[in-house]
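For reference, run_35.cif is printed below; it contains mmCIF, N, CA and C atoms.
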```
data_coords
#
loop_
_atom_site.label_atom_id
_atom_site.label_comp_id
_atom_site.auth_asym_id
_atom_site.auth_seq_id
_atom_site.Cartn_x
_atom_site.Cartn_y
_atom_site.Cartn_z
N MET A 1 -1.15 38.24 -17.58
CA MET A 1 0.09 37.51 -17.43
C MET A 1 0.21 36.54 -18.60
N PRO A 2 1.39 36.41 -19.20
CA PRO A 2 1.54 35.52 -20.36
C PRO A 2 1.37 34.05 -19.97
N TRP A 3 0.93 33.24 -20.93
CA TRP A 3 0.65 31.84 -20.67
C TRP A 3 1.89 31.06 -20.27
N PHE A 4 3.08 31.45 -20.80
CA PHE A 4 4.29 30.70 -20.48
C PHE A 4 4.72 30.88 -19.03
N VAL A 5 4.31 31.99 -18.40
CA VAL A 5 4.61 32.18 -16.97
C VAL A 5 3.82 31.15 -16.15
N TRP A 6 2.58 30.93 -16.55
CA TRP A 6 1.77 29.91 -15.86
C TRP A 6 2.37 28.52 -16.05
N LEU A 7 2.87 28.23 -17.26
CA LEU A 7 3.50 26.93 -17.50
C LEU A 7 4.79 26.79 -16.69
N LEU A 8 5.53 27.86 -16.55
CA LEU A 8 6.73 27.84 -15.72
C LEU A 8 6.35 27.56 -14.26
N ALA A 9 5.29 28.22 -13.78
CA ALA A 9 4.81 27.98 -12.42
C ALA A 9 4.35 26.52 -12.26
N ALA A 10 3.69 25.99 -13.30
CA ALA A 10 3.25 24.60 -13.25
C ALA A 10 4.45 23.66 -13.17
N GLY A 11 5.49 23.96 -13.89
CA GLY A 11 6.71 23.13 -13.84
C GLY A 11 7.36 23.17 -12.47
N VAL A 12 7.44 24.36 -11.87
CA VAL A 12 8.02 24.49 -10.53
C VAL A 12 7.16 23.73 -9.51
N LEU A 13 5.85 23.88 -9.59
CA LEU A 13 4.95 23.18 -8.67
C LEU A 13 5.01 21.66 -8.88
N GLY A 14 5.13 21.24 -10.14
CA GLY A 14 5.26 19.82 -10.42
C GLY A 14 6.55 19.25 -9.84
N ALA A 15 7.64 20.01 -9.94
CA ALA A 15 8.91 19.57 -9.34
C ALA A 15 8.79 19.50 -7.82
N ALA A 16 8.11 20.46 -7.22
CA ALA A 16 7.90 20.42 -5.77
C ALA A 16 7.09 19.18 -5.38
N GLU A 17 6.09 18.83 -6.18
CA GLU A 17 5.30 17.62 -5.91
C GLU A 17 6.17 16.38 -6.02
N PHE A 18 7.05 16.35 -6.99
CA PHE A 18 7.94 15.20 -7.18
C PHE A 18 8.78 14.95 -5.93
N PHE A 19 9.24 16.02 -5.29
CA PHE A 19 10.11 15.87 -4.12
C PHE A 19 9.35 15.71 -2.81
N THR A 20 8.11 16.18 -2.73
CA THR A 20 7.37 16.11 -1.46
C THR A 20 6.32 15.02 -1.42
N LEU A 21 5.74 14.66 -2.56
CA LEU A 21 4.68 13.65 -2.65
C LEU A 21 3.51 13.93 -1.71
N THR A 22 3.08 15.20 -1.66
CA THR A 22 1.96 15.58 -0.81
C THR A 22 0.63 15.56 -1.53
N LEU A 23 0.64 15.46 -2.82
CA LEU A 23 -0.53 15.54 -3.70
C LEU A 23 -1.13 16.94 -3.75
N ALA A 24 -0.54 17.89 -3.05
CA ALA A 24 -1.04 19.27 -3.08
C ALA A 24 -0.38 20.06 -4.20
N PHE A 25 0.95 19.99 -4.26
CA PHE A 25 1.65 20.76 -5.28
C PHE A 25 1.30 20.29 -6.69
N GLY A 26 1.07 19.01 -6.86
CA GLY A 26 0.68 18.49 -8.17
C GLY A 26 -0.67 19.03 -8.62
N LEU A 27 -1.61 19.14 -7.68
CA LEU A 27 -2.92 19.70 -8.02
C LEU A 27 -2.81 21.19 -8.32
N LEU A 28 -1.94 21.88 -7.60
CA LEU A 28 -1.71 23.30 -7.90
C LEU A 28 -1.04 23.46 -9.27
N ALA A 29 -0.17 22.52 -9.61
CA ALA A 29 0.45 22.56 -10.94
C ALA A 29 -0.62 22.37 -12.01
N GLY A 30 -1.55 21.48 -11.78
CA GLY A 30 -2.66 21.31 -12.72
C GLY A 30 -3.49 22.57 -12.85
N ALA A 31 -3.72 23.25 -11.73
CA ALA A 31 -4.46 24.50 -11.76
C ALA A 31 -3.69 25.57 -12.54
N ALA A 32 -2.37 25.57 -12.43
CA ALA A 32 -1.56 26.52 -13.19
C ALA A 32 -1.65 26.22 -14.69
N VAL A 33 -1.75 24.95 -15.06
CA VAL A 33 -1.93 24.60 -16.48
C VAL A 33 -3.28 25.12 -16.97
N VAL A 34 -4.31 24.99 -16.14
CA VAL A 34 -5.64 25.53 -16.50
C VAL A 34 -5.53 27.05 -16.72
N ALA A 35 -4.82 27.72 -15.81
CA ALA A 35 -4.65 29.17 -15.96
C ALA A 35 -3.86 29.50 -17.22
N ALA A 36 -2.89 28.66 -17.59
CA ALA A 36 -2.12 28.88 -18.82
C ALA A 36 -3.02 28.76 -20.04
N VAL A 37 -3.92 27.79 -20.03
CA VAL A 37 -4.86 27.64 -21.15
C VAL A 37 -5.77 28.85 -21.23
N VAL A 38 -6.26 29.31 -20.07
CA VAL A 38 -7.12 30.50 -20.05
C VAL A 38 -6.36 31.72 -20.56
N ALA A 39 -5.08 31.83 -20.17
CA ALA A 39 -4.27 32.96 -20.66
C ALA A 39 -4.03 32.83 -22.15
N GLY A 40 -3.84 31.61 -22.64
CA GLY A 40 -3.61 31.39 -24.07
C GLY A 40 -4.82 31.75 -24.92
N VAL A 41 -6.01 31.60 -24.33
CA VAL A 41 -7.24 31.95 -25.04
C VAL A 41 -7.38 33.47 -25.15
N GLY A 42 -6.72 34.19 -24.25
CA GLY A 42 -6.76 35.66 -24.31
C GLY A 42 -7.54 36.31 -23.20
N ILE A 43 -7.90 35.59 -22.17
CA ILE A 43 -8.64 36.18 -21.04
C ILE A 43 -7.66 36.96 -20.17
N ASP A 44 -8.15 38.05 -19.56
CA ASP A 44 -7.29 38.95 -18.78
C ASP A 44 -6.77 38.28 -17.50
N VAL A 45 -5.89 39.00 -16.78
CA VAL A 45 -5.20 38.49 -15.59
C VAL A 45 -6.20 38.10 -14.50
N VAL A 46 -7.25 38.88 -14.31
CA VAL A 46 -8.25 38.56 -13.28
C VAL A 46 -8.90 37.21 -13.61
N GLY A 47 -9.26 37.01 -14.85
CA GLY A 47 -9.86 35.74 -15.26
C GLY A 47 -8.89 34.57 -15.09
N GLN A 48 -7.61 34.83 -15.33
CA GLN A 48 -6.61 33.79 -15.15
C GLN A 48 -6.51 33.37 -13.69
N PHE A 49 -6.49 34.36 -12.79
CA PHE A 49 -6.41 34.04 -11.36
C PHE A 49 -7.69 33.38 -10.85
N VAL A 50 -8.82 33.78 -11.42
CA VAL A 50 -10.08 33.12 -11.05
C VAL A 50 -10.04 31.66 -11.50
N ALA A 51 -9.59 31.41 -12.71
CA ALA A 51 -9.49 30.04 -13.22
C ALA A 51 -8.52 29.23 -12.37
N PHE A 52 -7.39 29.83 -12.02
CA PHE A 52 -6.41 29.16 -11.16
C PHE A 52 -7.04 28.83 -9.80
N GLY A 53 -7.72 29.80 -9.22
CA GLY A 53 -8.34 29.60 -7.90
C GLY A 53 -9.42 28.52 -7.91
N VAL A 54 -10.26 28.55 -8.94
CA VAL A 54 -11.33 27.55 -9.02
C VAL A 54 -10.73 26.15 -9.22
N ALA A 55 -9.78 26.04 -10.13
CA ALA A 55 -9.16 24.73 -10.38
C ALA A 55 -8.40 24.23 -9.16
N ALA A 56 -7.68 25.11 -8.47
CA ALA A 56 -6.93 24.72 -7.28
C ALA A 56 -7.87 24.29 -6.16
N THR A 57 -8.94 25.05 -5.96
CA THR A 57 -9.91 24.70 -4.92
C THR A 57 -10.59 23.38 -5.22
N ALA A 58 -10.99 23.19 -6.47
CA ALA A 58 -11.63 21.93 -6.84
C ALA A 58 -10.67 20.76 -6.63
N GLY A 59 -9.43 20.93 -7.00
CA GLY A 59 -8.45 19.86 -6.81
C GLY A 59 -8.19 19.55 -5.36
N LEU A 60 -7.96 20.59 -4.57
CA LEU A 60 -7.61 20.37 -3.16
C LEU A 60 -8.79 19.92 -2.32
N VAL A 61 -9.99 20.36 -2.67
CA VAL A 61 -11.17 20.02 -1.86
C VAL A 61 -11.82 18.72 -2.33
N LEU A 62 -11.86 18.49 -3.64
CA LEU A 62 -12.56 17.32 -4.16
C LEU A 62 -11.62 16.14 -4.46
N VAL A 63 -10.54 16.40 -5.16
CA VAL A 63 -9.69 15.32 -5.65
C VAL A 63 -8.73 14.81 -4.57
N ARG A 64 -8.07 15.70 -3.84
CA ARG A 64 -7.03 15.29 -2.90
C ARG A 64 -7.54 14.35 -1.81
N PRO A 65 -8.68 14.63 -1.13
CA PRO A 65 -9.15 13.67 -0.11
C PRO A 65 -9.45 12.29 -0.69
N PHE A 66 -10.05 12.26 -1.87
CA PHE A 66 -10.34 10.98 -2.52
C PHE A 66 -9.04 10.23 -2.82
N ALA A 67 -8.04 10.92 -3.35
CA ALA A 67 -6.77 10.29 -3.69
C ALA A 67 -6.04 9.80 -2.43
N LEU A 68 -6.04 10.59 -1.37
CA LEU A 68 -5.39 10.16 -0.13
C LEU A 68 -6.08 8.94 0.46
N ARG A 69 -7.40 8.91 0.40
CA ARG A 69 -8.15 7.76 0.90
C ARG A 69 -7.81 6.51 0.08
N HIS A 70 -7.70 6.68 -1.22
CA HIS A 70 -7.36 5.57 -2.10
C HIS A 70 -5.95 5.06 -1.82
N LEU A 71 -5.00 5.95 -1.58
CA LEU A 71 -3.63 5.54 -1.31
C LEU A 71 -3.49 4.84 0.03
N ALA A 72 -4.35 5.16 0.99
CA ALA A 72 -4.26 4.58 2.32
C ALA A 72 -4.81 3.15 2.38
N GLN A 73 -5.57 2.74 1.38
CA GLN A 73 -6.15 1.40 1.39
C GLN A 73 -5.08 0.34 1.15
N GLN A 74 -5.28 -0.82 1.79
CA GLN A 74 -4.40 -1.95 1.57
C GLN A 74 -4.63 -2.49 0.16
N PRO A 75 -3.60 -3.02 -0.48
CA PRO A 75 -3.79 -3.59 -1.80
C PRO A 75 -4.72 -4.81 -1.74
N LEU A 76 -5.49 -5.02 -2.79
CA LEU A 76 -6.42 -6.14 -2.82
C LEU A 76 -5.72 -7.48 -2.95
N THR A 77 -4.59 -7.50 -3.60
CA THR A 77 -3.85 -8.74 -3.74
C THR A 77 -2.55 -8.65 -2.97
N ARG A 78 -2.21 -9.75 -2.31
CA ARG A 78 -0.95 -9.80 -1.60
C ARG A 78 0.04 -10.58 -2.45
N GLU A 79 1.30 -10.21 -2.35
CA GLU A 79 2.33 -10.82 -3.17
C GLU A 79 3.41 -11.42 -2.28
N GLY A 80 4.19 -12.32 -2.85
CA GLY A 80 5.32 -12.90 -2.15
C GLY A 80 4.89 -13.67 -0.92
N SER A 81 5.69 -13.56 0.12
CA SER A 81 5.40 -14.31 1.34
C SER A 81 4.15 -13.79 2.04
N ASP A 82 3.77 -12.54 1.80
CA ASP A 82 2.54 -12.01 2.40
C ASP A 82 1.31 -12.78 1.92
N ALA A 83 1.36 -13.33 0.72
CA ALA A 83 0.23 -14.09 0.18
C ALA A 83 0.04 -15.42 0.91
N LEU A 84 1.04 -15.86 1.65
CA LEU A 84 0.95 -17.14 2.36
C LEU A 84 0.27 -17.01 3.72
N ILE A 85 0.17 -15.80 4.23
CA ILE A 85 -0.46 -15.59 5.53
C ILE A 85 -1.94 -15.94 5.44
N GLY A 86 -2.40 -16.76 6.39
CA GLY A 86 -3.78 -17.21 6.40
C GLY A 86 -4.00 -18.53 5.69
N ARG A 87 -2.99 -19.03 5.02
CA ARG A 87 -3.11 -20.31 4.30
C ARG A 87 -3.04 -21.49 5.27
N ARG A 88 -3.54 -22.62 4.83
CA ARG A 88 -3.50 -23.84 5.61
C ARG A 88 -2.27 -24.63 5.18
N ALA A 89 -1.64 -25.30 6.14
CA ALA A 89 -0.46 -26.12 5.86
C ALA A 89 -0.55 -27.40 6.67
N GLU A 90 0.27 -28.37 6.28
CA GLU A 90 0.32 -29.64 7.00
C GLU A 90 1.69 -29.80 7.64
N VAL A 91 1.70 -30.26 8.89
CA VAL A 91 2.96 -30.43 9.61
C VAL A 91 3.67 -31.68 9.09
N MET A 92 4.91 -31.51 8.65
CA MET A 92 5.73 -32.62 8.14
C MET A 92 6.69 -33.13 9.22
N GLN A 93 7.12 -32.23 10.09
CA GLN A 93 8.00 -32.57 11.20
C GLN A 93 7.51 -31.76 12.39
N GLU A 94 7.45 -32.38 13.56
CA GLU A 94 6.89 -31.76 14.76
C GLU A 94 7.30 -30.29 14.89
N VAL A 95 6.30 -29.44 15.16
CA VAL A 95 6.53 -28.01 15.27
C VAL A 95 6.48 -27.60 16.74
N THR A 96 7.53 -26.93 17.17
CA THR A 96 7.59 -26.41 18.54
C THR A 96 7.83 -24.91 18.47
N ALA A 97 8.16 -24.33 19.62
CA ALA A 97 8.41 -22.89 19.67
C ALA A 97 9.69 -22.50 18.95
N THR A 98 10.57 -23.47 18.70
CA THR A 98 11.86 -23.14 18.10
C THR A 98 12.10 -23.73 16.72
N HIS A 99 11.44 -24.85 16.40
CA HIS A 99 11.71 -25.48 15.10
C HIS A 99 10.54 -26.34 14.65
N GLY A 100 10.60 -26.74 13.39
CA GLY A 100 9.59 -27.61 12.81
C GLY A 100 9.61 -27.47 11.30
N LEU A 101 8.76 -28.27 10.64
CA LEU A 101 8.71 -28.27 9.18
C LEU A 101 7.27 -28.47 8.74
N ILE A 102 6.82 -27.66 7.80
CA ILE A 102 5.45 -27.78 7.29
C ILE A 102 5.47 -27.83 5.77
N LYS A 103 4.39 -28.33 5.18
CA LYS A 103 4.20 -28.29 3.73
C LYS A 103 3.18 -27.20 3.46
N LEU A 104 3.62 -26.16 2.78
CA LEU A 104 2.81 -24.97 2.53
C LEU A 104 2.85 -24.65 1.05
N SER A 105 1.68 -24.69 0.41
CA SER A 105 1.58 -24.41 -1.03
C SER A 105 2.53 -25.26 -1.85
N GLY A 106 2.64 -26.54 -1.48
CA GLY A 106 3.47 -27.46 -2.22
C GLY A 106 4.95 -27.39 -1.92
N GLU A 107 5.35 -26.53 -0.99
CA GLU A 107 6.76 -26.38 -0.65
C GLU A 107 6.96 -26.67 0.83
N GLU A 108 8.15 -27.11 1.19
CA GLU A 108 8.47 -27.32 2.60
C GLU A 108 9.03 -26.03 3.17
N TRP A 109 8.49 -25.64 4.32
CA TRP A 109 8.91 -24.42 5.00
C TRP A 109 9.33 -24.76 6.42
N SER A 110 10.35 -24.08 6.90
CA SER A 110 10.64 -24.19 8.33
C SER A 110 9.53 -23.45 9.06
N ALA A 111 9.24 -23.92 10.27
CA ALA A 111 8.11 -23.35 10.99
C ALA A 111 8.39 -23.33 12.48
N ARG A 112 7.66 -22.50 13.17
CA ARG A 112 7.64 -22.50 14.63
C ARG A 112 6.23 -22.17 15.07
N ALA A 113 5.90 -22.60 16.30
CA ALA A 113 4.55 -22.41 16.81
C ALA A 113 4.38 -20.98 17.32
N LEU A 114 3.22 -20.40 17.07
CA LEU A 114 2.90 -19.07 17.58
C LEU A 114 2.86 -19.09 19.10
N ASP A 115 2.19 -20.11 19.65
CA ASP A 115 2.11 -20.30 21.10
C ASP A 115 3.31 -21.14 21.52
N GLU A 116 4.21 -20.56 22.30
CA GLU A 116 5.46 -21.23 22.65
C GLU A 116 5.24 -22.49 23.47
N SER A 117 4.08 -22.66 24.09
CA SER A 117 3.84 -23.85 24.91
C SER A 117 3.32 -25.03 24.08
N LEU A 118 3.00 -24.82 22.82
CA LEU A 118 2.44 -25.88 21.98
C LEU A 118 3.51 -26.73 21.33
N VAL A 119 3.20 -28.01 21.18
CA VAL A 119 3.96 -28.94 20.36
C VAL A 119 2.96 -29.53 19.38
N ILE A 120 3.13 -29.21 18.11
CA ILE A 120 2.16 -29.61 17.09
C ILE A 120 2.69 -30.87 16.40
N PRO A 121 1.92 -31.97 16.45
CA PRO A 121 2.42 -33.25 15.92
C PRO A 121 2.38 -33.31 14.39
N VAL A 122 3.10 -34.29 13.86
CA VAL A 122 3.13 -34.56 12.41
C VAL A 122 1.71 -34.89 11.94
N GLY A 123 1.34 -34.35 10.79
CA GLY A 123 0.03 -34.61 10.20
C GLY A 123 -1.04 -33.61 10.59
N ALA A 124 -0.80 -32.80 11.60
CA ALA A 124 -1.79 -31.81 12.03
C ALA A 124 -1.88 -30.70 10.98
N LEU A 125 -3.07 -30.12 10.86
CA LEU A 125 -3.26 -28.98 9.97
C LEU A 125 -3.08 -27.70 10.78
N VAL A 126 -2.39 -26.74 10.20
CA VAL A 126 -2.11 -25.48 10.87
C VAL A 126 -2.44 -24.32 9.94
N ASP A 127 -2.65 -23.16 10.54
CA ASP A 127 -2.83 -21.92 9.79
C ASP A 127 -1.56 -21.09 9.93
N VAL A 128 -1.14 -20.50 8.83
CA VAL A 128 0.03 -19.62 8.86
C VAL A 128 -0.41 -18.26 9.36
N MET A 129 0.14 -17.85 10.49
CA MET A 129 -0.24 -16.58 11.11
C MET A 129 0.64 -15.43 10.63
N GLU A 130 1.92 -15.71 10.40
CA GLU A 130 2.83 -14.70 9.87
C GLU A 130 4.05 -15.39 9.29
N ILE A 131 4.84 -14.62 8.55
CA ILE A 131 6.08 -15.13 7.97
C ILE A 131 7.21 -14.25 8.52
N GLU A 132 8.20 -14.90 9.12
CA GLU A 132 9.38 -14.19 9.62
C GLU A 132 10.59 -14.70 8.85
N GLY A 133 11.02 -13.97 7.87
CA GLY A 133 12.12 -14.42 7.03
C GLY A 133 11.71 -15.64 6.23
N ALA A 134 12.38 -16.78 6.49
CA ALA A 134 12.04 -18.03 5.81
C ALA A 134 11.32 -19.00 6.74
N THR A 135 10.77 -18.47 7.83
CA THR A 135 10.08 -19.31 8.82
C THR A 135 8.62 -18.89 8.92
N ALA A 136 7.75 -19.90 8.83
CA ALA A 136 6.31 -19.64 8.99
C ALA A 136 5.96 -19.81 10.47
N VAL A 137 5.23 -18.84 10.99
CA VAL A 137 4.73 -18.92 12.36
C VAL A 137 3.31 -19.44 12.25
N VAL A 138 3.06 -20.61 12.91
CA VAL A 138 1.81 -21.32 12.68
C VAL A 138 1.04 -21.54 13.98
N TYR A 139 -0.24 -21.84 13.81
CA TYR A 139 -1.12 -22.16 14.93
C TYR A 139 -2.04 -23.29 14.46
N PRO A 140 -2.30 -24.29 15.32
CA PRO A 140 -3.13 -25.42 14.88
C PRO A 140 -4.57 -25.02 14.56
N ARG A 141 -5.14 -25.66 13.54
CA ARG A 141 -6.53 -25.39 13.15
C ARG A 141 -7.51 -25.97 14.15
N GLU A 142 -7.14 -27.09 14.76
CA GLU A 142 -8.01 -27.75 15.73
C GLU A 142 -7.29 -27.89 17.05
N LEU A 143 -8.05 -28.11 18.12
CA LEU A 143 -7.45 -28.30 19.44
C LEU A 143 -6.58 -29.55 19.44
N LEU A 144 -5.44 -29.43 20.08
CA LEU A 144 -4.53 -30.57 20.15
C LEU A 144 -4.86 -31.42 21.37
N PRO A 145 -4.61 -32.73 21.29
CA PRO A 145 -4.88 -33.61 22.44
C PRO A 145 -3.93 -33.34 23.59
#
```
Full structure transcribed into structure tokens:
Amino acid sequence: MPWFVWLLAAGVLGAAEFFTLTLAFGLLAGAAVVAAVVAGVGIDVVGQFVAFGVAATAGLVLVRPFALRHLAQQPLTREGSDALIGRRAEVMQEVTATHGLIKLSGEEWSARALDESLVIPVGALVDVMEIEGATAVVYPRELLP
């Protein structure tokens, strides 16, 4: 089989990977490129299919599970408001289940208590448990009186 047929197959498989994002078609496209190189060197059709099969198997069995595992991991750094979760803040205005104000990373944020029964006084230290829009949901670091 001519080498350009393998390159055409690689292009079709690459386009399929672009639309599906399965990581399978892309690896098969890579295997087709390997087969195109083997065909360009002058090896017969059987050798081309063997090269394609070996490269495809190696990609799907060795590379794909590693890549999927890597993609499933959480990023090491958090950005934006996600980076504020877990930070310590100081209460500037009493925090209840519905309203309040805290100083977080040098900025004033609206806040509400995670536990709806709590009233967190001014000056108390709190941990940011989550961010909902422009409101920090907080919980006191120490037991309240």
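One finds CA of Thr77 (chain A) at 25.7 Å from CA of Arg112 (chain A).
Taking CA of Pro121 (chain A) as the reference point, CA of Val95 (chain A) is found at 6.7 Å.
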*Pick out the residues sitting within 6.5 Å of region 50-65 of chain A, and hand them over as a ChimeraX atom specification; count only N, CA and C atoms, and ignore anything fewer than 6 positions along from it in its own chain.*
/A:23,27-28,30-32,34-35
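The coordinates place CA of Ala83 (chain A) at 19.7 Å from atom C of Leu114 (chain A).
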_Residue nearest Asp127 (chain A) - candidates A:Gly100, A:Pro2, A:Gly42, A:Gly86, atoms counted: only C-alpha atoms_ = A:Gly86
Picked residues, the PyMOL selection byres (((chain A and resi 45 and name CA) around 12) and name CA), expected as an mmCIF file with N, CA and C atoms, keeping the file's coordinate frame:
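Wrote it out as part08.cif, contents follow:
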```cif
data_model
loop_
_atom_site.group_PDB
_atom_site.id
_atom_site.type_symbol
_atom_site.label_atom_id
_atom_site.label_comp_id
_atom_site.auth_asym_id
_atom_site.auth_seq_id
_atom_site.Cartn_x
_atom_site.Cartn_y
_atom_site.Cartn_z
ATOM 1 N N MET A 1 -1.150 38.240 -17.580
ATOM 2 C CA MET A 1 0.090 37.510 -17.430
ATOM 3 C C MET A 1 0.210 36.540 -18.600
ATOM 4 N N PRO A 2 1.390 36.410 -19.200
ATOM 5 C CA PRO A 2 1.540 35.520 -20.360
ATOM 6 C C PRO A 2 1.370 34.050 -19.970
ATOM 7 N N TRP A 3 0.930 33.240 -20.930
ATOM 8 C CA TRP A 3 0.650 31.840 -20.670
ATOM 9 C C TRP A 3 1.890 31.060 -20.270
ATOM 10 N N VAL A 5 4.310 31.990 -18.400
ATOM 11 C CA VAL A 5 4.610 32.180 -16.970
ATOM 12 C C VAL A 5 3.820 31.150 -16.150
ATOM 13 N N TRP A 6 2.580 30.930 -16.550
ATOM 14 C CA TRP A 6 1.770 29.910 -15.860
ATOM 15 C C TRP A 6 2.370 28.520 -16.050
ATOM 16 N N ALA A 35 -4.820 27.720 -15.810
ATOM 17 C CA ALA A 35 -4.650 29.170 -15.960
ATOM 18 C C ALA A 35 -3.860 29.500 -17.220
ATOM 19 N N ALA A 36 -2.890 28.660 -17.590
ATOM 20 C CA ALA A 36 -2.120 28.880 -18.820
ATOM 21 C C ALA A 36 -3.020 28.760 -20.040
ATOM 22 N N VAL A 38 -6.260 29.310 -20.070
ATOM 23 C CA VAL A 38 -7.120 30.500 -20.050
ATOM 24 C C VAL A 38 -6.360 31.720 -20.560
ATOM 25 N N ALA A 39 -5.080 31.830 -20.170
ATOM 26 C CA ALA A 39 -4.270 32.960 -20.660
ATOM 27 C C ALA A 39 -4.030 32.830 -22.150
ATOM 28 N N GLY A 40 -3.840 31.610 -22.640
ATOM 29 C CA GLY A 40 -3.610 31.390 -24.070
ATOM 30 C C GLY A 40 -4.820 31.750 -24.920
ATOM 31 N N VAL A 41 -6.010 31.600 -24.330
ATOM 32 C CA VAL A 41 -7.240 31.950 -25.040
ATOM 33 C C VAL A 41 -7.380 33.470 -25.150
ATOM 34 N N GLY A 42 -6.720 34.190 -24.250
ATOM 35 C CA GLY A 42 -6.760 35.660 -24.310
ATOM 36 C C GLY A 42 -7.540 36.310 -23.200
ATOM 37 N N ILE A 43 -7.900 35.590 -22.170
ATOM 38 C CA ILE A 43 -8.640 36.180 -21.040
ATOM 39 C C ILE A 43 -7.660 36.960 -20.170
ATOM 40 N N ASP A 44 -8.150 38.050 -19.560
ATOM 41 C CA ASP A 44 -7.290 38.950 -18.780
ATOM 42 C C ASP A 44 -6.770 38.280 -17.500
ATOM 43 N N VAL A 46 -7.250 38.880 -14.310
ATOM 44 C CA VAL A 46 -8.250 38.560 -13.280
ATOM 45 C C VAL A 46 -8.900 37.210 -13.610
ATOM 46 N N GLY A 47 -9.260 37.010 -14.850
ATOM 47 C CA GLY A 47 -9.860 35.740 -15.260
ATOM 48 C C GLY A 47 -8.890 34.570 -15.090
ATOM 49 N N GLN A 48 -7.610 34.830 -15.330
ATOM 50 C CA GLN A 48 -6.610 33.790 -15.150
ATOM 51 C C GLN A 48 -6.510 33.370 -13.690
ATOM 52 N N PHE A 49 -6.490 34.360 -12.790
ATOM 53 C CA PHE A 49 -6.410 34.040 -11.360
ATOM 54 C C PHE A 49 -7.690 33.380 -10.850
ATOM 55 N N VAL A 50 -8.820 33.780 -11.420
ATOM 56 C CA VAL A 50 -10.080 33.120 -11.050
ATOM 57 C C VAL A 50 -10.040 31.660 -11.500
ATOM 58 N N ALA A 51 -9.590 31.410 -12.710
ATOM 59 C CA ALA A 51 -9.490 30.040 -13.220
ATOM 60 C C ALA A 51 -8.520 29.230 -12.370
ATOM 61 N N PHE A 52 -7.390 29.830 -12.020
ATOM 62 C CA PHE A 52 -6.410 29.160 -11.160
ATOM 63 C C PHE A 52 -7.040 28.830 -9.800
#
```
_A:Val12, A:Thr20, A:Thr135, A:Val37 ranked by distance to Leu84 (chain A), top pick (using only C-alpha atoms)_ = A:Thr135
_As a check of understanding, name the residues that the PyMOL selection byres (((chain A and resi 99 and name CA) around 8) and name CA) selects in the supplied structure, as a ChimeraX atom specification._
/A:94-98,100-101,110-113
Can those selected residues be exported to a file as a PDB file, in the frame of the given file so that it contains N, CA and C atoms?
```
ATOM      1  N   GLU A  94       7.450 -32.380  13.560  1.00  0.00           N
ATOM      2  CA  GLU A  94       6.890 -31.760  14.760  1.00  0.00           C
ATOM      3  C   GLU A  94       7.300 -30.290  14.890  1.00  0.00           C
ATOM      4  N   VAL A  95       6.300 -29.440  15.160  1.00  0.00           N
ATOM      5  CA  VAL A  95       6.530 -28.010  15.270  1.00  0.00           C
ATOM      6  C   VAL A  95       6.480 -27.600  16.740  1.00  0.00           C
ATOM      7  N   THR A  96       7.530 -26.930  17.170  1.00  0.00           N
ATOM      8  CA  THR A  96       7.590 -26.410  18.540  1.00  0.00           C
ATOM      9  C   THR A  96       7.830 -24.910  18.470  1.00  0.00           C
ATOM     10  N   ALA A  97       8.160 -24.330  19.620  1.00  0.00           N
ATOM     11  CA  ALA A  97       8.410 -22.890  19.670  1.00  0.00           C
ATOM     12  C   ALA A  97       9.690 -22.500  18.950  1.00  0.00           C
ATOM     13  N   THR A  98      10.570 -23.470  18.700  1.00  0.00           N
ATOM     14  CA  THR A  98      11.860 -23.140  18.100  1.00  0.00           C
ATOM     15  C   THR A  98      12.100 -23.730  16.720  1.00  0.00           C
ATOM     16  N   GLY A 100      10.600 -26.740  13.390  1.00  0.00           N
ATOM     17  CA  GLY A 100       9.590 -27.610  12.810  1.00  0.00           C
ATOM     18  C   GLY A 100       9.610 -27.470  11.300  1.00  0.00           C
ATOM     19  N   LEU A 101       8.760 -28.270  10.640  1.00  0.00           N
ATOM     20  CA  LEU A 101       8.710 -28.270   9.180  1.00  0.00           C
ATOM     21  C   LEU A 101       7.270 -28.470   8.740  1.00  0.00           C
ATOM     22  N   SER A 110      10.350 -24.080   6.900  1.00  0.00           N
ATOM     23  CA  SER A 110      10.640 -24.190   8.330  1.00  0.00           C
ATOM     24  C   SER A 110       9.530 -23.450   9.060  1.00  0.00           C
ATOM     25  N   ALA A 111       9.240 -23.920  10.270  1.00  0.00           N
ATOM     26  CA  ALA A 111       8.110 -23.350  10.990  1.00  0.00           C
ATOM     27  C   ALA A 111       8.390 -23.330  12.480  1.00  0.00           C
ATOM     28  N   ARG A 112       7.660 -22.500  13.170  1.00  0.00           N
ATOM     29  CA  ARG A 112       7.640 -22.500  14.630  1.00  0.00           C
ATOM     30  C   ARG A 112       6.230 -22.170  15.070  1.00  0.00           C
ATOM     31  N   ALA A 113       5.900 -22.600  16.300  1.00  0.00           N
ATOM     32  CA  ALA A 113       4.550 -22.410  16.810  1.00  0.00           C
ATOM     33  C   ALA A 113       4.380 -20.980  17.320  1.00  0.00           C
TER      34      ALA A 113
END
```
*Can you give me, as a VMD selection string, the residues this file yields under the PyMOL selection byres ((chain A and resi 139) around 5)?*
chain A and resid 114 126 to 127 137 to 138 140 to 141
Okay, now the selection with N, CA and C atoms, as a short mmCIF file (atom, residue, chain, number, x, y, z; two decimals), in the coordinates of the input?
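Below you can see part23.cif, which holds the result:
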```
data_model
loop_
_atom_site.label_atom_id
_atom_site.label_comp_id
_atom_site.auth_asym_id
_atom_site.auth_seq_id
_atom_site.Cartn_x
_atom_site.Cartn_y
_atom_site.Cartn_z
N LEU A 114 3.22 -20.40 17.07
CA LEU A 114 2.90 -19.07 17.58
C LEU A 114 2.86 -19.09 19.10
N VAL A 126 -2.39 -26.74 10.20
CA VAL A 126 -2.11 -25.48 10.87
C VAL A 126 -2.44 -24.32 9.94
N ASP A 127 -2.65 -23.16 10.54
CA ASP A 127 -2.83 -21.92 9.79
C ASP A 127 -1.56 -21.09 9.93
N VAL A 137 5.23 -18.84 10.99
CA VAL A 137 4.73 -18.92 12.36
C VAL A 137 3.31 -19.44 12.25
N VAL A 138 3.06 -20.61 12.91
CA VAL A 138 1.81 -21.32 12.68
C VAL A 138 1.04 -21.54 13.98
N PRO A 140 -2.30 -24.29 15.32
CA PRO A 140 -3.13 -25.42 14.88
C PRO A 140 -4.57 -25.02 14.56
N ARG A 141 -5.14 -25.66 13.54
CA ARG A 141 -6.53 -25.39 13.15
C ARG A 141 -7.51 -25.97 14.15
#
```
